[in-house]
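Q: Mind having a look at this structure? Questions to follow.
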Amino acid sequence: MASQSVADFTIPAHRADRAASVQNRRIVATWLFISFALIVEMFGIGAYVQNDNAGLSIMAWQPVSGIIPPLTHAAWERMFALYKTIPQYQLLNNHMDLAGFKAIFWPEWIHRMWGRLLGLDFGVPLVWFWWTGRLERRLRPWLLTLFVLGGVQGLIGWWMVASGFQPGLTEVSVWRLSIHYCFATMLAIAVFTTGLVVLKPDSERLAPSIAARYRVARGFALASIAVIIVAIIAGTFLSGTHAYTIDNTFPLMQGQWVPPDYAALHPFWSNLFLNKAATQWDHRLLGTIAAVVVLAAVVVAIRADLPPRARDAFLTMGGLLVIQYILGVTTLVSKILDIGIVHQLNAVLLLAAAVWAWFELRGRRAA
């Protein structure tokens, strides 16, 4: 009985040591960062679909059978016939032939396939790491929650697409598009932050007394996170209304600092979400505020003589901010939507860098 008791306790202890080892934490963190990178790529695919008005080309949500695209001419004709029943075809694309339909079908199909790839990328290693004892017990419920939320994101995506099938509508709801984008951003940052937590557990963070020295810089990092999030949310309404197609000058709009048609809609609050001029101006303003706050955070960080990893995080955030602002202005004045896609990708990277900067200055929990 004594030997059996020792064996019962030795195996779990060995698995716990394995999960907490430096080598294993690096493996798990690498998996999470790869998952984050795949999600970021998903933003680019989604932005292309949105800019190309391709999101309504597939009329059904089929998580399993939808993996196989039409393989015969008859199958393509059936799919095209379904598309002809929705307002987007009838009001905008009634001149479209089968070749034109295929051109909008494939981006949406790739978008949905990439979502399935994300599920496999996250789900299969999750099961394997769990089965082999490579996941710390505290992380298991959280990682399982992230996997479930990934499925919820798929449901939100279909809920968004379905809004575009309603009578008289030729594109998806701006509100649902914003929710879909923001939920994806939340998932991406949650996966990225979890990777940071795995890579640098509480025991390796700054001592509370040292962390207290950097509370101002940490506060600026937190402020940066907040303003970047607000600017991203505003950007979803700019994208949803296709507001980048008007007022392609900078910094003035229609020769003025505030466009004259800013309040064209009634009630007034609807301008913030549905008026092209207003959504573009709001995004310009909030993006500029975010730029000022982030640059201030970088200056504070440099003056504070931060630890090397924290300094690198702040400098990365500053560099991505400069790139982001240049991308935004260039997209606007050039009307080149491919640059806008990179702008959307970089926004997520910028937010992740701000989270990294904040994370590096967190102190250990009090004993």
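Identifiers in this document derive from the order of the structure tokens: chains are assigned A, B, ..., residues are numbered from 1 separately in each chain, and ligands are numbered from 1 in order of occurrence.
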Neighbouring residues of A:Leu306 were defined as those with any atom within 9 Å, considering only C-alpha atoms; residues of the same chain fewer than 6 positions away were excluded. Please report them as a PyMOL selection string.
A: chain A and resi 214+217+361
Q: Contacts of A:Ala263 at 9 Å or less, counting only C-alpha atoms, minus same-chain residues fewer than 3 places along, as a list in words?
A: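 In the requested form, the answer reads Pro259, Pro260, His266, Pro267, Phe268, Trp269, Ser270, Asn271, Leu272, Asn275, Ala277 and Ala278 of chain A.
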Q: Please write the residues from the selection above to a file, keeping N, CA and C atoms, as a JSON list (two decimals), in the first residue's frame.
A:
[["chain", "number", "residue", "atom", "x", "y", "z"],
["A", 259, "PRO", "N", -15.51, 68.28, -41.47],
["A", 259, "PRO", "CA", -16.30, 68.29, -42.71],
["A", 259, "PRO", "C", -17.67, 68.92, -42.49],
["A", 260, "PRO", "N", -18.17, 69.68, -43.43],
["A", 260, "PRO", "CA", -19.45, 70.35, -43.26],
["A", 260, "PRO", "C", -20.63, 69.40, -43.13],
["A", 266, "HIS", "N", -29.83, 62.23, -38.90],
["A", 266, "HIS", "CA", -30.61, 62.44, -37.67],
["A", 266, "HIS", "C", -31.18, 61.09, -37.23],
["A", 267, "PRO", "N", -31.13, 60.81, -35.92],
["A", 267, "PRO", "CA", -30.59, 61.64, -34.85],
["A", 267, "PRO", "C", -29.06, 61.77, -34.94],
["A", 268, "PHE", "N", -28.53, 62.71, -34.17],
["A", 268, "PHE", "CA", -27.11, 63.05, -34.30],
["A", 268, "PHE", "C", -26.20, 61.85, -34.05],
["A", 269, "TRP", "N", -26.54, 61.02, -33.06],
["A", 269, "TRP", "CA", -25.64, 59.92, -32.70],
["A", 269, "TRP", "C", -25.41, 58.95, -33.85],
["A", 270, "SER", "N", -26.37, 58.86, -34.79],
["A", 270, "SER", "CA", -26.21, 57.94, -35.91],
["A", 270, "SER", "C", -25.05, 58.34, -36.82],
["A", 271, "ASN", "N", -24.67, 59.63, -36.79],
["A", 271, "ASN", "CA", -23.53, 60.07, -37.59],
["A", 271, "ASN", "C", -22.25, 59.37, -37.18],
["A", 272, "LEU", "N", -22.13, 59.04, -35.89],
["A", 272, "LEU", "CA", -20.92, 58.43, -35.36],
["A", 272, "LEU", "C", -20.67, 57.05, -35.93],
["A", 275, "ASN", "N", -22.51, 57.73, -40.88],
["A", 275, "ASN", "CA", -22.18, 58.85, -41.78],
["A", 275, "ASN", "C", -20.71, 58.71, -42.21],
["A", 277, "ALA", "N", -18.59, 60.72, -43.72],
["A", 277, "ALA", "CA", -17.72, 61.84, -43.35],
["A", 277, "ALA", "C", -17.41, 61.83, -41.86],
["A", 278, "ALA", "N", -18.42, 61.53, -41.05],
["A", 278, "ALA", "CA", -18.23, 61.53, -39.60],
["A", 278, "ALA", "C", -17.34, 60.37, -39.15]]
Q: Near A:Leu118, within 12 Å and counting only C-alpha atoms, which residues show up once chain neighbours fewer than 4 positions away are dropped, as a VMD selection string?
A: chain A and resid 31 to 32 34 to 42 111 to 114 122 to 125 146 to 147 149 to 151 153 to 154 184 187 to 188 191
Q: Neighbours of A:Ala290 within 6 Å (only C-alpha atoms; same-chain residues fewer than 2 positions away dropped), as number ranges by chain?
A: A: 227-228, 287-288, 292-293
Q: Could you find all residues in stretch 78-305 of chain A that DSSP calls alpha helix (DSSP H) from the backbone, and write them as an MDAnalysis selection string?
A: chainID A and resid 78:83 87:91 98:131 140:162 174:199 208:211 215:240 271:274 276:303
Q: What's around A:Arg309 at 9 Å? Count only C-alpha atoms, leave out sequence neighbours fewer than 4 positions away in its own chain, and write the answer as number ranges by chain.
A: A: 313-314, 357, 360
Q: Give me a file of those residues, with N, CA, C and O atoms, as a JSON list (two decimals), in the first residue's frame.
A:
[["chain", "number", "residue", "atom", "x", "y", "z"],
["A", 313, "ALA", "N", 9.83, 46.53, -25.73],
["A", 313, "ALA", "CA", 8.39, 46.52, -25.98],
["A", 313, "ALA", "C", 7.88, 47.92, -26.30],
["A", 313, "ALA", "O", 7.09, 48.11, -27.24],
["A", 314, "PHE", "N", 8.32, 48.91, -25.54],
["A", 314, "PHE", "CA", 7.89, 50.29, -25.79],
["A", 314, "PHE", "C", 8.40, 50.80, -27.13],
["A", 314, "PHE", "O", 7.69, 51.48, -27.87],
["A", 357, "ALA", "N", 4.14, 45.84, -23.64],
["A", 357, "ALA", "CA", 4.81, 46.87, -22.83],
["A", 357, "ALA", "C", 4.22, 46.92, -21.43],
["A", 357, "ALA", "O", 4.96, 47.00, -20.43],
["A", 360, "GLU", "N", 5.26, 43.69, -19.37],
["A", 360, "GLU", "CA", 6.64, 43.63, -18.90],
["A", 360, "GLU", "C", 6.86, 44.43, -17.62],
["A", 360, "GLU", "O", 7.85, 44.18, -16.90]]
Q: Go through A:Tyr262, A:Phe192, A:Phe220, A:Phe273 and flag the residue nearest A:Ala353, using only C-alpha atoms for the distances.
A: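 The closest residue to A:Ala353 is A:Phe192.
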